[in-house]
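A.B. asks: Once you've had a glance at the structure underneath, I'll fire off some questions.
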There are 8 protein chains.
Amino acid sequence: MAYSYQRLDKNDVAVLMIDHQAGLLSLVRDFGPDEFKNNVMALADIAEFFDLPTILTTSFEDGPNGPLVPELKAKFPGAAYIARPGQINAWDNEEFVQAVKDTGKKQLLIAGVVTDVCVAFPALAAREAGYEVFVVTDASGTFNTTVRDAAWSRMSQAGVQLMNWFSVAGELHRDWRNDIEGFGGILANHLPHYSNLIQSRDATLKN
Amino acid sequence: MAYSYQRLDKNDVAVLMIDHQAGLLSLVRDFGPDEFKNNVMALADIAEFFDLPTILTTSFEDGPNGPLVPELKAKFPGAAYIARPGQINAWDNEEFVQAVKDTGKKQLLIAGVVTDVCVAFPALAAREAGYEVFVVTDASGTFNTTVRDAAWSRMSQAGVQLMNWFSVAGELHRDWRNDIEGFGGILANHLPHYSNLIQSRDATLKN
Amino acid sequence: MAYSYQRLDKNDVAVLMIDHQAGLLSLVRDFGPDEFKNNVMALADIAEFFDLPTILTTSFEDGPNGPLVPELKAKFPGAAYIARPGQINAWDNEEFVQAVKDTGKKQLLIAGVVTDVCVAFPALAAREAGYEVFVVTDASGTFNTTVRDAAWSRMSQAGVQLMNWFSVAGELHRDWRNDIEGFGGILANHLPHYSNLIQSRDATLKN
Amino acid sequence: MAYSYQRLDKNDVAVLMIDHQAGLLSLVRDFGPDEFKNNVMALADIAEFFDLPTILTTSFEDGPNGPLVPELKAKFPGAAYIARPGQINAWDNEEFVQAVKDTGKKQLLIAGVVTDVCVAFPALAAREAGYEVFVVTDASGTFNTTVRDAAWSRMSQAGVQLMNWFSVAGELHRDWRNDIEGFGGILANHLPHYSNLIQSRDATLKN
Amino acid sequence: MAYSYQRLDKNDVAVLMIDHQAGLLSLVRDFGPDEFKNNVMALADIAEFFDLPTILTTSFEDGPNGPLVPELKAKFPGAAYIARPGQINAWDNEEFVQAVKDTGKKQLLIAGVVTDVCVAFPALAAREAGYEVFVVTDASGTFNTTVRDAAWSRMSQAGVQLMNWFSVAGELHRDWRNDIEGFGGILANHLPHYSNLIQSRDATLKN
Amino acid sequence: MAYSYQRLDKNDVAVLMIDHQAGLLSLVRDFGPDEFKNNVMALADIAEFFDLPTILTTSFEDGPNGPLVPELKAKFPGAAYIARPGQINAWDNEEFVQAVKDTGKKQLLIAGVVTDVCVAFPALAAREAGYEVFVVTDASGTFNTTVRDAAWSRMSQAGVQLMNWFSVAGELHRDWRNDIEGFGGILANHLPHYSNLIQSRDATLKN
Amino acid sequence: MAYSYQRLDKNDVAVLMIDHQAGLLSLVRDFGPDEFKNNVMALADIAEFFDLPTILTTSFEDGPNGPLVPELKAKFPGAAYIARPGQINAWDNEEFVQAVKDTGKKQLLIAGVVTDVCVAFPALAAREAGYEVFVVTDASGTFNTTVRDAAWSRMSQAGVQLMNWFSVAGELHRDWRNDIEGFGGILANHLPHYSNLIQSRDATLKN
Amino acid sequence: MAYSYQRLDKNDVAVLMIDHQAGLLSLVRDFGPDEFKNNVMALADIAEFFDLPTILTTSFEDGPNGPLVPELKAKFPGAAYIARPGQINAWDNEEFVQAVKDTGKKQLLIAGVVTDVCVAFPALAAREAGYEVFVVTDASGTFNTTVRDAAWSRMSQAGVQLMNWFSVAGELHRDWRNDIEGFGGILANHLPHYSNLIQSRDATLKN
């Protein structure tokens, strides 16, 4: 059957960062803490690098879910920021949906905590609303890998595309020549072994 | 292709708890015993909290499969309770199917032991009968993860949606403001780390 | 979308045991050796119990692949037995396909070694030929779980249903009352913990 | 070489519960959250059942480490409770050491969070002070299994005996006849599958 | 430092099979059920093959622990059989200790369920009593690998030697020529892949 | 629904080896280094054995990605070799696409590093261009299994078939009799245990 | 037997950072890359915080082993830095041993890459030379966990104490009151979940 | 307590390669097949490189255990080769012990299949005979990791030092300058990622 490659286009993408809050993050156990923190910040750096419209949202910041992690707040000072008064599915919040619409984009990159709720629910709703939806799986976390597997299955069934931050970066950038330094910098900062390759090479060049 | 989000609606859901019997439970090895018990009781608390029509059924209670676990019996004193005389697939039992029909609901939340038989068979039959079927994967257990993976694949192929108890709770509740205390209580009772967050916050507030 | 439950029917099933040969078995590493032997013999007992037409086939018995394991040969003395002279895909062997046709069944239960070749190739060919195909995943083995996962994905994509021997037994039997002793015997022989349940119960009854 | 079995004696044991605080607990990732909570409470029930002198201690309750989990506080209302003002190793706190001495016991059962610090440090200090030290490994948690393995190695090197709550219970009780009901109750409450065995047996006895 | 190889001597070994009871077996989760059953029966076959004095003991057979598995009872019809009335540590039962003494052996091979209690306690007591103690680790099971690791550490600290059934067989047999057929038969029956090697070889020899 | 078996046909396949470069290879962690090297070279041997048109491509060889591994260069001296000046997706390079077209084949076997980018992007693009696409999963590597799982899901969703080098070999060869020696040689060189089977058999034949 | 607690004393410790070079780091696979980088830098921050004399050494920087990672060089600008001309065991380099002696400390904290060689060899040599040796296990990496386990066993046998960076920090600091801010800063920077606890608490305090 | 570093000395080491036979190798499942083959050949290359006296021995080559793998036979054409007529423990074979004595070395490097028998038995016997014994853990294989762990524990208890081939190479070589090319060649041939480092460096040097 015919297949059309829905490919990330940096001119047509908005990023939704959902509920990366200090309390909820402590529930994430399908990634190690260092790895997960790195993944989330890598996605944030990608959004910044490609100047993608980014929407931040939180659920019940005053309660045990805790505040949005300050690094994200600092990274996107001008981003739309919707502190939802109670809606679990961000897509049930009109302000949030309007902010998405206002970006004018048709591709949505979604990451959040926890994957099975805060990511899956708006991802499915956005699919129904006609968006192309890409979930950044390694910047989204949940209780354990069994829960994650079920959530991935449900989203995949709905036509959501599962990606990781590195492939998101590559699909958006398309060509190293668009900005070798900048793109390489993201890799070096978030892939310790890529940084090692660069250091080894530089050292050899110096000798 | 167009996608329609089949979303759990607390007014249109019935819960089927299938064969959570003392003997069969001892066969479950894709979850740790403490985790699995917690998951099953979390689902039961959800069914009670949202006042969802719930159907209990067992297979051969007099034999080695053993009795329904008493906590479930106690939790749903008025529930339809079908002790099947021999049918392996609960859907082959007319009384069971009638009980499902009598709920008047079109969405079915199914959990049971073992996943590949007691859950998968009625889930597939219910799909054929036109229901929207949601399997609560972490309140359903089986022999090992290899068996589980195959059963998930077969059910997913049939359009069954795979969820976990936490996402079921979230999709049913939709908005914290509907009942903060009640909903938070379920989380606190079944997510030890969410309970820790609450305790830390309360302690800070007191100081 | 409408879904039709393709359900194993003991009157419409043939069993294909493919390349369970001594040499090839030593390559299987996605199951422990004791577990895998038990799974294969459980499937064999099921085929015998339900009197399902069974076809045995091997590839290059004279070479390093080795002879069919003697337990299978002994279990099905009257079964069609096709020692393929060279075809890797059993479905490329006309005698084999004819033997399948001669059973007059439209549902095929397939197990074999290795999953990605000896099982997947005839499973896909049988799907193309219009059969309902059920692969018994835990009576089929291969080099490692990564290879298995890819083979499962390819077969699932083709509409093959992935099952395990226990769910095969349950779907075929349908009702314990059809033969409690016989069916319970298969479980007791191949599920040590089910046997334990029976022993505990019997001991309690005696006291 | 001659070996002397240092065996837990319920008349000569004190229990030290160290830093089971809400914040610190969220760092524990070498056990699942449900399993760990169950293990800690099982140890608490054992201490209560055998009426063992129990000492509770915490570190910086007012800070991010959070309050002692309320279940422990409630379980041991009369226990010595030392909220350490800053000492990381509880054994550096004179009040704590005095409380231990006051019990007059020479065997110490230690559990706490995190294993490599809050458990290991006082365990090594207590060994140096001449105590027989038993660490309850599954009621003690830390960041990951690699950290745990190193901590176990260090403690084992120092002559600390590594046990789990179930073996602690068994070694203290020695004979079921001392109190069948009470001891069985602890097992039933903290071993779901032991509870299943009891239920199956009771059901058979009733029939 | 000087080291003396404590080596199993078939003329100086007694075998202690402790609490392999139907109920307790359902608690074992550090081995798969098929694998564990095979391991226990392999050890039994070894004891029989070398005609080693074997002692069977159980704890509370009338209660949820359940009866001794019938295969062991059948295998050692003449063995000393001590149904302990309540002692958790078999070594606390005088009849059991006397039975051990009556064998006149100084090396003890111990296996049982669960490792951390039913095996570890008598192993430590036997060490104190001056025996050379060998625990058959893979014919002994418990709740999970974390519990097992702690129990192994405690026993190893006490000078217990950890072995597996295959190395026990080899160390007892010493030379294939003592009985090629008999020894090979044990391997073939309990190592499916060794059986495969034999079958492949036999098939080649026939051609 | 009707299913058509897209089966590898040695007369209609081209092989694309993408970015197996020394630097990128050091990032691969979803396979052990020995296993991965073996898998890549097995695929190379298959391409050579069946004389399949093979295209090599690299990305930024002068930078940290490093040079194409010399074994591949040596194996395919006459292959099209496209050192891409910057395009991340090889399919964005016209020379590469032209080289694919020039083969005149409609089936593409793709392997590369890393799976989620260098393999997935051209695989999806080739699907859109109407090719039958087969990804050799075990000759393609990436950062970890979580990333791999997401990439597999995305490709599978697009109709890509996931295979492993062994099944590729089998599906291409179809019949051992086409060349027993040659085909057996590939297996012996890349499956140590298959080599063992051959050696055991040869030794038996000699005796 | 009497036991003396060898306890880290910040006045008597030197830190040896051995061969954390860009090339060698790419060989480390017993830790994830993000986790390992974090662990190494946490140890570096500890050494700086407690102002511990620190010695850096490398092996063959000009060759494939690559340069010392720049973060370490930057962190310890005044540290002894021994670029070994060829000695594999740093302790075979006289300049290195002299630098250790010059610190005048009797406790050595060792971390490096790879654990089984660059860490184990000097650790054993330092033990022979009479030092108290503490290996920081999670700031030391190697090829896989099997290699690591053997290296840990060998070092533990030699009286080396295995620790992790967090327990090193705790044992050196001893009392939070010595510097709450500074010590908490290290935890917050290297334990994402500890940072989350702080953020949640701060947010609650503000409300 | 005083510790003396037993350090491999290339002038005082003999290598014992025990039962690396085609049939027995098929039983090894604690290492992947590619990895294990690489490890064994790496050790063989080390023995050759340092010109260490090497002794080959086999058990029952004519039976299912199969022939010594031909690569080892070819590598050591002049080595003592003892085909044991039946002794399971090679140390029970006088010819073997004499061959060891004839080397005049006091350090023994032992590797073999299976670890718990063919390696552990002669290792313990050699320890009793006063040798310094080093087991090359990753060139020794057995049924599974549980069996391996027990065997390692028993050997470690006896003072055997557990090493891996890479640390053996490093401890023997001591200084890169003794032969940079030769030593680097072993690493490049058996560590794919070390080879990658070399290739990347060479490529950079050329540019």
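Residue names in the structure tokens use chain letters A, B, ... in the order shown, residue numbers from 1 in each chain, and ligand numbers from 1 in the order shown.
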Find the spatial neighbours of segment 93-97 of chain G, counting only C-alpha atoms, within a cut-off of 9 Å - ignore same-chain residues fewer than 4 positions away - and output them as a PyMOL selection string.
C.D. replies: chain G and resi 55+57+80-82+84-89+101-102
A.B. asks: Which neighbours of Asn144 of chain C fall inside 10 Å, counting only C-alpha atoms, when residues of the same chain fewer than 4 positions from it are skipped, and could you give them as JSON, numbers by chain?
C.D. replies: {"C": [27, 28, 29, 30, 31, 148, 149], "H": [32]}
A.B. asks: Which residues of chain A are close to chain F, meaning at most 6 Å apart when you count only C-alpha atoms, and how do they look as number ranges by chain?
C.D. replies: A: 3-5, 161-163, 167, 174-177, 197-198
A.B. asks: For the alpha helix (DSSP H) assignment from backbone DSSP, which residues of segment 48-81 of chain D qualify? Please present them as a list in words.
C.D. replies: Glu48, Phe49, Pro70, Glu71, Leu72, Lys73, Ala74 and Lys75 of chain D
A.B. asks: Between atom CA of Asp34 of chain F and atom CA of Leu8 of chain F, what is the spacing in Å?
C.D. replies: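 About the pair atom CA of Leu8 of chain F and atom CA of Asp34 of chain F: they are 27.3 Å apart.
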A.B. asks: Hey, which of G:Leu108, G:Pro67, G:Leu25, G:Phe36 ends up closest to Leu205 of chain A? Count only C-alpha atoms.
C.D. replies: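 The answer is G:Pro67, which sits nearest to Leu205 of chain A.
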A.B. asks: Enumerate, as an NGL selection string, the complete set of residues in segment 2-194 of chain E that a backbone-based DSSP assignment places in strand (DSSP E).
C.D. replies: :E and (13-18 or 54-59 or 80-84 or 107-112 or 132-136 or 161-163)
A.B. asks: Take the residues that were just selected and, keeping N, CA, C and O atoms, output them as a short mmCIF file (atom, residue, chain, number, x, y, z; two decimals), in the first residue's frame.
C.D. replies:
```
data_model
loop_
_atom_site.label_atom_id
_atom_site.label_comp_id
_atom_site.auth_asym_id
_atom_site.auth_seq_id
_atom_site.Cartn_x
_atom_site.Cartn_y
_atom_site.Cartn_z
N VAL E 13 29.59 -38.57 51.84
CA VAL E 13 28.59 -37.53 51.63
C VAL E 13 27.19 -38.00 52.00
O VAL E 13 26.81 -39.12 51.65
N ALA E 14 26.47 -37.16 52.68
CA ALA E 14 25.03 -37.36 52.85
C ALA E 14 24.30 -36.20 52.21
O ALA E 14 24.82 -35.09 52.12
N VAL E 15 23.08 -36.49 51.74
CA VAL E 15 22.28 -35.47 51.04
C VAL E 15 21.08 -35.10 51.90
O VAL E 15 20.36 -35.98 52.38
N LEU E 16 20.88 -33.79 52.07
CA LEU E 16 19.73 -33.30 52.84
C LEU E 16 18.80 -32.53 51.91
O LEU E 16 19.18 -31.49 51.37
N MET E 17 17.61 -33.07 51.71
CA MET E 17 16.60 -32.41 50.87
C MET E 17 15.57 -31.78 51.81
O MET E 17 14.79 -32.49 52.44
N ILE E 18 15.54 -30.47 51.85
CA ILE E 18 14.81 -29.78 52.91
C ILE E 18 13.64 -28.96 52.38
O ILE E 18 13.82 -27.99 51.64
N THR E 54 20.35 -40.31 52.01
CA THR E 54 19.56 -39.10 51.76
C THR E 54 18.52 -38.93 52.85
O THR E 54 17.88 -39.91 53.26
N ILE E 55 18.38 -37.72 53.30
CA ILE E 55 17.41 -37.43 54.35
C ILE E 55 16.41 -36.43 53.82
O ILE E 55 16.80 -35.38 53.27
N LEU E 56 15.14 -36.76 53.95
CA LEU E 56 14.08 -35.85 53.53
C LEU E 56 13.46 -35.23 54.78
O LEU E 56 13.27 -35.92 55.78
N THR E 57 13.15 -33.97 54.68
CA THR E 57 12.46 -33.37 55.82
C THR E 57 11.50 -32.32 55.31
O THR E 57 11.69 -31.75 54.22
N THR E 58 10.44 -32.10 56.07
CA THR E 58 9.43 -31.12 55.69
C THR E 58 9.01 -30.34 56.92
O THR E 58 9.25 -30.73 58.05
N SER E 59 8.36 -29.22 56.63
CA SER E 59 7.90 -28.34 57.70
C SER E 59 6.40 -28.16 57.55
O SER E 59 5.95 -27.70 56.49
N ALA E 80 15.41 -41.69 55.36
CA ALA E 80 14.92 -41.07 56.57
C ALA E 80 14.03 -39.91 56.17
O ALA E 80 14.36 -39.15 55.26
N TYR E 81 12.91 -39.81 56.83
CA TYR E 81 11.91 -38.78 56.47
C TYR E 81 11.44 -38.14 57.75
O TYR E 81 10.71 -38.76 58.53
N ILE E 82 11.83 -36.91 57.96
CA ILE E 82 11.47 -36.23 59.21
C ILE E 82 10.49 -35.09 58.92
O ILE E 82 10.87 -34.06 58.36
N ALA E 83 9.24 -35.32 59.28
CA ALA E 83 8.24 -34.26 59.17
C ALA E 83 8.31 -33.45 60.45
O ALA E 83 7.78 -33.86 61.48
N ARG E 84 8.95 -32.30 60.36
CA ARG E 84 9.19 -31.53 61.59
C ARG E 84 7.88 -30.92 62.10
O ARG E 84 7.12 -30.32 61.33
N GLN E 107 30.59 -34.94 55.08
CA GLN E 107 30.26 -33.94 54.06
C GLN E 107 28.75 -33.92 53.84
O GLN E 107 28.13 -34.97 53.66
N LEU E 108 28.18 -32.72 53.83
CA LEU E 108 26.73 -32.61 53.64
C LEU E 108 26.42 -31.80 52.40
O LEU E 108 26.91 -30.68 52.22
N LEU E 109 25.60 -32.40 51.55
CA LEU E 109 25.07 -31.71 50.37
C LEU E 109 23.67 -31.25 50.73
O LEU E 109 22.79 -32.09 50.98
N ILE E 110 23.43 -29.96 50.72
CA ILE E 110 22.13 -29.44 51.15
C ILE E 110 21.44 -28.71 50.02
O ILE E 110 22.05 -27.91 49.31
N ALA E 111 20.14 -29.01 49.87
CA ALA E 111 19.29 -28.26 48.93
C ALA E 111 17.94 -28.11 49.58
O ALA E 111 17.52 -28.96 50.38
N GLY E 112 17.23 -27.02 49.22
CA GLY E 112 15.93 -26.85 49.83
C GLY E 112 15.25 -25.58 49.39
O GLY E 112 15.76 -24.83 48.57
N GLU E 132 31.69 -30.40 56.68
CA GLU E 132 31.94 -29.71 55.42
C GLU E 132 30.59 -29.56 54.72
O GLU E 132 29.91 -30.56 54.49
N VAL E 133 30.22 -28.36 54.39
CA VAL E 133 28.88 -28.11 53.86
C VAL E 133 28.95 -27.60 52.43
O VAL E 133 29.68 -26.65 52.14
N PHE E 134 28.17 -28.25 51.57
CA PHE E 134 28.07 -27.87 50.16
C PHE E 134 26.60 -27.61 49.86
O PHE E 134 25.77 -28.51 49.98
N VAL E 135 26.28 -26.39 49.47
CA VAL E 135 24.89 -26.09 49.11
C VAL E 135 24.72 -26.22 47.60
O VAL E 135 25.53 -25.68 46.84
N VAL E 136 23.71 -26.94 47.20
CA VAL E 136 23.42 -27.09 45.77
C VAL E 136 22.51 -25.93 45.38
O VAL E 136 21.30 -25.96 45.53
N GLN E 161 30.44 -24.07 50.86
CA GLN E 161 30.81 -24.04 49.45
C GLN E 161 29.56 -24.09 48.57
O GLN E 161 28.71 -24.95 48.75
N LEU E 162 29.50 -23.16 47.63
CA LEU E 162 28.34 -23.08 46.74
C LEU E 162 28.62 -23.86 45.46
O LEU E 162 29.60 -23.60 44.77
N MET E 163 27.78 -24.82 45.18
CA MET E 163 27.95 -25.61 43.97
C MET E 163 26.63 -25.67 43.21
O MET E 163 25.63 -25.12 43.64
#
```
